[in-house]
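Reproduced below: run_7.cif, with mmCIF, C-alpha atoms and all ligand atoms.
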```cif
data_coords
loop_
_atom_site.label_atom_id
_atom_site.label_comp_id
_atom_site.auth_asym_id
_atom_site.auth_seq_id
_atom_site.Cartn_x
_atom_site.Cartn_y
_atom_site.Cartn_z
CA MET U 1 154.24 140.09 1.70
CA LYS U 2 155.45 137.37 4.02
CA LEU U 3 153.92 136.81 7.46
CA ILE U 4 156.75 136.32 9.94
CA LYS U 5 154.94 136.43 13.25
CA LYS U 6 151.37 136.14 14.41
CA GLY U 7 151.35 137.75 17.82
CA ALA U 8 148.61 138.11 20.38
CA GLU U 9 148.32 141.79 19.62
CA ALA U 10 149.89 142.32 16.22
CA ASP U 11 150.86 140.51 13.05
CA ILE U 12 154.31 141.13 11.61
CA TYR U 13 155.05 140.96 7.89
CA GLN U 14 158.20 141.28 5.89
CA THR U 15 157.71 143.78 3.12
CA LYS U 16 159.46 146.43 1.02
CA TRP U 17 159.48 150.17 1.41
CA GLN U 18 160.99 152.02 -1.52
CA ASN U 19 163.27 149.09 -2.28
CA SER U 20 164.44 148.65 1.30
CA LYS U 21 163.51 145.61 3.32
CA ALA U 22 160.86 146.60 5.80
CA ILE U 23 158.62 145.27 8.56
CA LEU U 24 154.89 145.91 8.64
CA LYS U 25 153.34 145.67 12.10
CA ILE U 26 149.54 145.62 12.13
CA ARG U 27 147.57 145.66 15.36
CA LYS U 28 144.67 143.29 15.11
CA VAL U 29 141.00 143.91 15.81
CA LYS U 30 139.99 142.38 19.14
CA ASN U 31 136.40 141.25 18.94
CA TYR U 32 136.02 140.87 22.69
CA ARG U 33 136.46 144.64 23.04
CA ASN U 34 133.77 147.15 22.22
CA SER U 35 134.65 148.16 18.67
CA SER U 36 135.07 151.90 19.15
CA LEU U 37 137.14 151.33 22.29
CA ASP U 38 139.16 148.74 20.39
CA SER U 39 140.00 151.08 17.53
CA LYS U 40 140.90 153.78 20.06
CA ILE U 41 143.33 151.45 21.87
CA ARG U 42 144.89 150.24 18.63
CA LYS U 43 145.33 153.81 17.40
CA GLN U 44 146.84 154.93 20.72
CA ARG U 45 149.35 152.07 20.83
CA THR U 46 150.30 152.66 17.20
CA ILE U 47 150.93 156.35 17.87
CA LYS U 48 152.82 155.58 21.08
CA GLU U 49 155.00 152.94 19.48
CA SER U 50 155.96 155.02 16.45
CA GLN U 51 156.70 158.08 18.59
CA MET U 52 158.78 156.16 21.11
CA ILE U 53 160.81 154.29 18.46
CA SER U 54 161.80 157.65 17.01
CA HIS U 55 162.20 159.45 20.34
CA ALA U 56 164.54 156.76 21.73
CA ARG U 57 166.82 157.20 18.72
CA THR U 58 167.25 160.91 19.49
CA PHE U 59 169.20 160.02 22.64
CA GLY U 60 171.26 157.26 21.11
CA ILE U 61 169.26 154.04 21.36
CA PRO U 62 169.53 152.03 18.13
CA THR U 63 165.94 151.52 16.90
CA PRO U 64 164.41 150.86 13.47
CA LEU U 65 163.59 153.90 11.33
CA VAL U 66 159.85 154.48 11.08
CA TYR U 67 158.93 154.78 7.42
CA PHE U 68 155.15 155.10 7.50
CA VAL U 69 152.27 155.08 9.98
CA ASN U 70 148.63 154.38 9.05
CA LEU U 71 146.35 155.10 12.00
CA GLU U 72 143.19 153.88 10.25
CA LYS U 73 144.79 150.45 9.83
CA SER U 74 146.82 150.80 13.04
CA SER U 75 149.91 149.80 11.15
CA ILE U 76 153.53 150.85 11.16
CA VAL U 77 156.06 150.28 8.40
CA MET U 78 159.59 150.34 9.76
CA GLN U 79 163.11 149.44 8.81
CA GLU U 80 163.86 145.75 9.07
CA ILE U 81 166.79 145.03 11.36
CA PRO U 82 168.13 141.91 9.65
CA GLY U 83 169.93 140.55 12.69
CA THR U 84 169.24 137.90 15.33
CA PRO U 85 166.96 138.34 18.35
CA VAL U 86 169.11 138.13 21.48
CA ARG U 87 166.87 135.30 22.65
CA ASP U 88 168.24 133.06 19.88
CA LEU U 89 171.94 133.77 20.41
CA SER U 90 174.39 131.42 22.13
CA GLU U 91 174.51 131.50 25.90
CA SER U 92 177.98 133.02 25.96
CA LYS U 93 176.85 135.83 23.65
CA ILE U 94 173.76 136.50 25.76
CA ILE U 95 175.93 136.78 28.86
CA LYS U 96 178.25 139.19 27.10
CA LEU U 97 175.46 141.30 25.60
CA SER U 98 173.57 141.56 28.88
CA LYS U 99 175.82 144.43 29.93
CA GLU U 100 174.98 146.34 26.75
CA ILE U 101 171.29 145.61 27.28
CA GLY U 102 171.57 146.94 30.83
CA LYS U 103 173.13 150.13 29.45
CA LEU U 104 170.35 150.55 26.91
CA VAL U 105 167.67 150.10 29.57
CA GLY U 106 169.54 152.58 31.78
CA MET U 107 169.53 155.12 28.93
CA LEU U 108 165.80 154.61 28.40
CA HIS U 109 165.07 155.15 32.10
CA LYS U 110 167.37 158.15 32.38
CA ASN U 111 165.42 159.72 29.55
CA GLY U 112 162.06 158.95 31.13
CA ILE U 113 160.98 155.91 29.13
CA MET U 114 159.73 152.67 30.60
CA HIS U 115 159.86 150.06 27.81
CA GLY U 116 157.07 147.92 29.25
CA ASP U 117 157.98 144.67 27.49
CA LEU U 118 161.62 143.90 28.18
CA THR U 119 162.13 140.40 26.81
CA THR U 120 165.19 139.02 25.04
CA SER U 121 163.10 138.83 21.82
CA ASN U 122 162.80 142.59 21.80
CA PHE U 123 166.55 143.15 21.38
CA ILE U 124 168.09 142.39 18.00
CA LEU U 125 171.84 142.04 17.43
CA PHE U 126 172.89 143.40 14.05
CA LYS U 127 176.44 144.29 13.02
CA ASN U 128 177.67 144.43 16.61
CA MET U 129 174.89 146.78 17.66
CA VAL U 130 171.95 145.90 19.87
CA TYR U 131 168.69 147.38 18.56
CA VAL U 132 165.61 147.83 20.74
CA ILE U 133 162.16 147.13 19.25
CA ASP U 134 158.53 146.71 20.35
CA PHE U 135 157.67 149.97 22.13
CA GLY U 136 153.91 149.37 22.03
CA LEU U 137 153.63 149.16 25.82
CA SER U 138 156.15 151.86 26.62
CA GLN U 139 155.38 154.87 28.78
CA ASN U 140 156.84 158.27 29.49
CA THR U 141 157.60 158.01 33.19
CA MET U 142 160.27 159.07 35.63
CA LYS U 143 158.69 157.06 38.47
CA PRO U 144 161.26 154.70 40.04
CA GLU U 145 158.46 152.16 40.64
CA ASP U 146 157.80 151.96 36.89
CA HIS U 147 161.48 151.51 36.11
CA ALA U 148 161.67 148.75 38.74
CA VAL U 149 158.83 146.94 36.96
CA ASP U 150 160.94 146.96 33.78
CA LEU U 151 163.89 145.40 35.63
CA ARG U 152 161.70 142.86 37.33
CA LEU U 153 160.36 141.69 33.97
CA ILE U 154 163.73 141.25 32.27
CA LYS U 155 165.00 139.43 35.37
CA GLU U 156 162.02 137.10 35.19
CA ILE U 157 162.66 136.45 31.48
CA LEU U 158 166.33 135.65 32.15
CA ASN U 159 165.21 133.33 34.92
CA SER U 160 162.73 131.44 32.79
CA ALA U 161 164.09 131.54 29.22
CA HIS U 162 167.79 131.53 30.08
CA ALA U 163 167.89 129.78 33.46
CA LYS U 164 171.35 128.24 33.04
CA ILE U 165 173.05 131.58 32.54
CA MET U 166 170.69 133.73 34.61
CA GLN U 167 173.22 134.63 37.30
CA PHE U 168 175.94 135.78 34.92
CA ALA U 169 173.55 137.57 32.60
CA TRP U 170 171.77 139.38 35.45
CA LYS U 171 175.05 140.44 37.01
CA ASN U 172 176.22 141.91 33.71
CA PHE U 173 172.87 143.56 33.09
CA LEU U 174 173.10 145.31 36.46
CA LEU U 175 176.69 146.40 35.81
CA GLY U 176 175.63 148.02 32.55
CA TYR U 177 172.52 149.58 34.10
CA LYS U 178 174.49 151.01 37.02
CA SER U 179 177.16 152.48 34.75
CA VAL U 180 174.48 154.60 33.08
CA VAL U 181 172.08 155.57 35.88
CA GLY U 182 174.68 155.94 38.64
CA THR U 183 175.07 154.20 42.00
CA PHE U 184 172.42 156.21 43.82
CA TYR U 185 169.59 155.51 41.39
CA TYR U 186 170.78 151.92 40.90
CA THR U 187 170.51 151.25 44.65
CA LYS U 188 167.03 152.75 44.76
CA ILE U 189 165.74 150.69 41.83
CA THR U 190 167.26 147.39 42.91
CA LYS U 191 165.71 147.85 46.37
CA LEU U 192 162.33 148.36 44.72
CA VAL U 193 162.86 145.22 42.64
CA SER U 194 163.51 143.22 45.83
CA GLU U 195 160.36 144.71 47.34
CA ILE U 196 158.27 143.67 44.34
CA GLU U 197 159.77 140.19 44.58
CA SER U 198 159.05 139.76 48.26
CA ARG U 199 155.47 140.91 47.72
CA GLY U 200 155.22 138.25 44.99
CA ARG U 201 156.51 135.53 47.30
CA TYR U 202 154.16 136.63 50.07
CA ALA U 203 151.21 136.47 47.67
CA GLU U 204 152.22 132.91 46.74
CA VAL U 205 152.28 131.80 50.36
CA VAL U 206 148.95 133.32 51.31
N1 LIG Z 301 162.06 146.20 12.83
C1 LIG Z 301 162.20 144.87 12.93
N2 LIG Z 301 163.26 144.27 12.34
C2 LIG Z 301 163.42 142.93 12.42
N3 LIG Z 301 162.57 142.10 13.04
C3 LIG Z 301 161.49 142.64 13.64
C4 LIG Z 301 161.24 144.04 13.62
N4 LIG Z 301 160.09 144.29 14.27
C5 LIG Z 301 159.65 143.09 14.69
N5 LIG Z 301 160.47 142.08 14.32
C6 LIG Z 301 160.32 140.64 14.60
O1 LIG Z 301 158.97 140.35 14.89
C7 LIG Z 301 158.83 139.93 16.26
C8 LIG Z 301 157.56 140.52 16.86
O2 LIG Z 301 157.57 141.92 16.77
P1 LIG Z 301 157.26 142.85 18.02
O3 LIG Z 301 157.28 144.27 17.59
O4 LIG Z 301 158.16 142.46 19.12
O5 LIG Z 301 155.74 142.46 18.33
P2 LIG Z 301 155.05 141.65 19.53
O6 LIG Z 301 154.26 142.70 20.25
O7 LIG Z 301 154.20 140.64 18.85
O8 LIG Z 301 156.12 141.05 20.39
C9 LIG Z 301 160.10 140.39 16.94
O9 LIG Z 301 160.41 139.61 18.07
C10 LIG Z 301 161.12 140.26 15.83
O10 LIG Z 301 161.53 138.91 15.69
MG MG Z 302 157.99 141.63 21.00
#
```
Output the file's structure as structure tokens, nothing else.
Ligand SMILES: Nc1ncnc2c1ncn2[C@@H]1O[C@H](COP(=O)(O)OP(=O)(O)O)[C@@H](O)[C@H]1O
Ligand SMILES: [Mg+2]
Amino acid sequence: MKLIKKGAEADIYQTKWQNSKAILKIRKVKNYRNSSLDSKIRKQRTIKESQMISHARTFGIPTPLVYFVNLEKSSIVMQEIPGTPVRDLSESKIIKLSKEIGKLVGMLHKNGIMHGDLTTSNFILFKNMVYVIDFGLSQNTMKPEDHAVDLRLIKEILNSAHAKIMQFAWKNFLLGYKSVVGTFYYTKITKLVSEIESRGRYAEVV
């Protein structure tokens, strides 16, 4: 088994599952947490992530297939998507794909899912399809405020990790998002995003 990423919360390995390439995601023990609380949190996030990966696929979001879940080890074995994280693509590709990403986020929200960790590393381009991964922090919610938090995060990531293309990428993201959720909901959410941002600026000044 090959370790491909040591994250703050989980380690990711490349492995095999019945001869298919697979990814093993194991949530790590956190020693600063009380141990029974820690195992409860790890179990909950493992359940949530595996359920959401599968649920999102039922309404058309490309996600990895979940092959196996072990709650005792808080691990998930899933299909490896052997593509490239959007983060690592060329700037022109990121701009182009931002519209598709906006559509995917719109579909998630329309179906009552807040992703909770919308970064460009959590979208993988494979064979002209954008896959969504990393649902460990996702939530079932129809609250516009929660959906606005998702948009605020991806905007922040575009601003920091892709500053040069931010304006074009964000514009395309919003076009895609609007085409799925409709003008009314789009207006509501983007207003909330502005509100969150002005609160942020105010907090900085004070
Ligand atoms: N199913 C998968 N197929 C291909 N790569 C994956 C898959 N799952 C995770 N990865 C890779 O591992 C990285 C970390 O996994 P992720 O689930 O996002 O955990 P983290 O919570 O640490 O961000 C991803 O950014 C991606 O590069
Ligand atoms: Mg991730």
Let me see if you get this right: every residue at most 7 Å from ligand LIG 301 (chain Z), counting only C-alpha atoms and all ligand atoms, written as a list in words.
Ile4, Lys5, Lys6, Gly7, Ala8, Glu9, Ala10, Asp11, Ile12, Ile23, Lys25, Pro64, Met78, Gln79, Glu80, Ile81, Pro82, Gly83, Pro85, Ser121, Asn122, Ile133, Asp134 and Gly136 of chain U
Residues from the last selection, C-alpha atoms, saved as an mmCIF file, in the frame of the given file:
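This went into part32.cif:
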```
data_model
loop_
_atom_site.group_PDB
_atom_site.id
_atom_site.type_symbol
_atom_site.label_atom_id
_atom_site.label_comp_id
_atom_site.auth_asym_id
_atom_site.auth_seq_id
_atom_site.Cartn_x
_atom_site.Cartn_y
_atom_site.Cartn_z
ATOM 1 C CA ILE U 4 156.750 136.320 9.940
ATOM 2 C CA LYS U 5 154.940 136.430 13.250
ATOM 3 C CA LYS U 6 151.370 136.140 14.410
ATOM 4 C CA GLY U 7 151.350 137.750 17.820
ATOM 5 C CA ALA U 8 148.610 138.110 20.380
ATOM 6 C CA GLU U 9 148.320 141.790 19.620
ATOM 7 C CA ALA U 10 149.890 142.320 16.220
ATOM 8 C CA ASP U 11 150.860 140.510 13.050
ATOM 9 C CA ILE U 12 154.310 141.130 11.610
ATOM 10 C CA ILE U 23 158.620 145.270 8.560
ATOM 11 C CA LYS U 25 153.340 145.670 12.100
ATOM 12 C CA PRO U 64 164.410 150.860 13.470
ATOM 13 C CA MET U 78 159.590 150.340 9.760
ATOM 14 C CA GLN U 79 163.110 149.440 8.810
ATOM 15 C CA GLU U 80 163.860 145.750 9.070
ATOM 16 C CA ILE U 81 166.790 145.030 11.360
ATOM 17 C CA PRO U 82 168.130 141.910 9.650
ATOM 18 C CA GLY U 83 169.930 140.550 12.690
ATOM 19 C CA PRO U 85 166.960 138.340 18.350
ATOM 20 C CA SER U 121 163.100 138.830 21.820
ATOM 21 C CA ASN U 122 162.800 142.590 21.800
ATOM 22 C CA ILE U 133 162.160 147.130 19.250
ATOM 23 C CA ASP U 134 158.530 146.710 20.350
ATOM 24 C CA GLY U 136 153.910 149.370 22.030
#
```
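When CA of Val66 (chain U) is paired with CA of Ile53 (chain U), their separation reads 7.4 Å.
When all atoms listed in the file are used to compute distances to ligand MG 302 (chain Z), the closest of the residues U:His162, U:His115, U:Lys40, U:Arg152 turns out to be U:His115.
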Please compute the CA of Ile26 (chain U)-CA of Leu137 (chain U) distance, one decimal, in Å.
14.7 Å
In terms of only C-alpha atoms, the residue from U:Leu3, U:Val105, U:Leu37, U:Ile47 at minimal distance from Leu175 (chain U) is U:Val105
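Interatomic distance, CA of Ile196 (chain U) to atom MG of ligand MG 302 (chain Z): 23.4 Å.
Each of U:Lys43, U:Lys30, U:Arg87, U:Arg201 was compared to ligand MG 302 (chain Z) using all atoms listed in the file, and U:Arg87 turns out to be the nearest.
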For region 58-80 of chain U, where the input has fewer atoms than it should, I would like N, CA and C atoms rebuilt and written as a PDB file, in the frame of the given file.
```
ATOM      1  N   THR U  58     166.676 159.569  19.308  1.00  0.00           N
ATOM      2  CA  THR U  58     167.250 160.910  19.490  1.00  0.00           C
ATOM      3  C   THR U  58     168.269 160.949  20.635  1.00  0.00           C
ATOM      4  N   PHE U  59     168.163 160.029  21.600  1.00  0.00           N
ATOM      5  CA  PHE U  59     169.200 160.020  22.640  1.00  0.00           C
ATOM      6  C   PHE U  59     170.106 158.789  22.557  1.00  0.00           C
ATOM      7  N   GLY U  60     170.210 158.241  21.360  1.00  0.00           N
ATOM      8  CA  GLY U  60     171.260 157.260  21.110  1.00  0.00           C
ATOM      9  C   GLY U  60     170.920 155.797  21.200  1.00  0.00           C
ATOM     10  N   ILE U  61     169.640 155.460  21.348  1.00  0.00           N
ATOM     11  CA  ILE U  61     169.260 154.040  21.360  1.00  0.00           C
ATOM     12  C   ILE U  61     169.080 153.588  19.905  1.00  0.00           C
ATOM     13  N   PRO U  62     169.770 152.523  19.484  1.00  0.00           N
ATOM     14  CA  PRO U  62     169.530 152.030  18.130  1.00  0.00           C
ATOM     15  C   PRO U  62     168.111 151.447  18.027  1.00  0.00           C
ATOM     16  N   THR U  63     167.304 152.014  17.142  1.00  0.00           N
ATOM     17  CA  THR U  63     165.940 151.520  16.900  1.00  0.00           C
ATOM     18  C   THR U  63     165.695 151.550  15.387  1.00  0.00           C
ATOM     19  N   PRO U  64     164.687 150.813  14.904  1.00  0.00           N
ATOM     20  CA  PRO U  64     164.410 150.860  13.470  1.00  0.00           C
ATOM     21  C   PRO U  64     163.896 152.248  13.064  1.00  0.00           C
ATOM     22  N   LEU U  65     164.184 152.654  11.848  1.00  0.00           N
ATOM     23  CA  LEU U  65     163.590 153.900  11.330  1.00  0.00           C
ATOM     24  C   LEU U  65     162.120 153.650  11.068  1.00  0.00           C
ATOM     25  N   VAL U  66     161.277 154.610  11.410  1.00  0.00           N
ATOM     26  CA  VAL U  66     159.850 154.480  11.080  1.00  0.00           C
ATOM     27  C   VAL U  66     159.643 155.098   9.706  1.00  0.00           C
ATOM     28  N   TYR U  67     159.132 154.288   8.771  1.00  0.00           N
ATOM     29  CA  TYR U  67     158.930 154.780   7.420  1.00  0.00           C
ATOM     30  C   TYR U  67     157.531 155.351   7.203  1.00  0.00           C
ATOM     31  N   PHE U  68     156.528 154.703   7.798  1.00  0.00           N
ATOM     32  CA  PHE U  68     155.150 155.100   7.500  1.00  0.00           C
ATOM     33  C   PHE U  68     154.207 154.619   8.591  1.00  0.00           C
ATOM     34  N   VAL U  69     153.259 155.471   8.968  1.00  0.00           N
ATOM     35  CA  VAL U  69     152.270 155.080   9.980  1.00  0.00           C
ATOM     36  C   VAL U  69     150.868 155.278   9.389  1.00  0.00           C
ATOM     37  N   ASN U  70     150.024 154.261   9.508  1.00  0.00           N
ATOM     38  CA  ASN U  70     148.630 154.380   9.050  1.00  0.00           C
ATOM     39  C   ASN U  70     147.712 154.142  10.252  1.00  0.00           C
ATOM     40  N   LEU U  71     147.149 155.232  10.780  1.00  0.00           N
ATOM     41  CA  LEU U  71     146.350 155.100  12.000  1.00  0.00           C
ATOM     42  C   LEU U  71     145.039 154.386  11.746  1.00  0.00           C
ATOM     43  N   GLU U  72     144.455 154.562  10.561  1.00  0.00           N
ATOM     44  CA  GLU U  72     143.190 153.880  10.250  1.00  0.00           C
ATOM     45  C   GLU U  72     143.376 152.368  10.319  1.00  0.00           C
ATOM     46  N   LYS U  73     144.525 151.901   9.818  1.00  0.00           N
ATOM     47  CA  LYS U  73     144.790 150.450   9.830  1.00  0.00           C
ATOM     48  C   LYS U  73     145.604 150.039  11.056  1.00  0.00           C
ATOM     49  N   SER U  74     145.894 150.974  11.934  1.00  0.00           N
ATOM     50  CA  SER U  74     146.820 150.800  13.040  1.00  0.00           C
ATOM     51  C   SER U  74     148.045 149.972  12.649  1.00  0.00           C
ATOM     52  N   SER U  75     148.713 150.494  11.629  1.00  0.00           N
ATOM     53  CA  SER U  75     149.910 149.800  11.150  1.00  0.00           C
ATOM     54  C   SER U  75     151.115 150.737  11.094  1.00  0.00           C
ATOM     55  N   ILE U  76     152.263 150.113  11.239  1.00  0.00           N
ATOM     56  CA  ILE U  76     153.530 150.850  11.160  1.00  0.00           C
ATOM     57  C   ILE U  76     154.438 150.122  10.175  1.00  0.00           C
ATOM     58  N   VAL U  77     155.022 150.862   9.253  1.00  0.00           N
ATOM     59  CA  VAL U  77     156.060 150.280   8.400  1.00  0.00           C
ATOM     60  C   VAL U  77     157.384 150.821   8.912  1.00  0.00           C
ATOM     61  N   MET U  78     158.297 149.909   9.220  1.00  0.00           N
ATOM     62  CA  MET U  78     159.590 150.340   9.760  1.00  0.00           C
ATOM     63  C   MET U  78     160.732 149.571   9.115  1.00  0.00           C
ATOM     64  N   GLN U  79     161.904 150.086   9.301  1.00  0.00           N
ATOM     65  CA  GLN U  79     163.110 149.440   8.810  1.00  0.00           C
ATOM     66  C   GLN U  79     163.226 148.021   9.373  1.00  0.00           C
ATOM     67  N   GLU U  80     163.595 147.083   8.533  1.00  0.00           N
ATOM     68  CA  GLU U  80     163.860 145.750   9.070  1.00  0.00           C
ATOM     69  C   GLU U  80     165.294 145.708   9.594  1.00  0.00           C
TER      70      GLU U  80
END
```
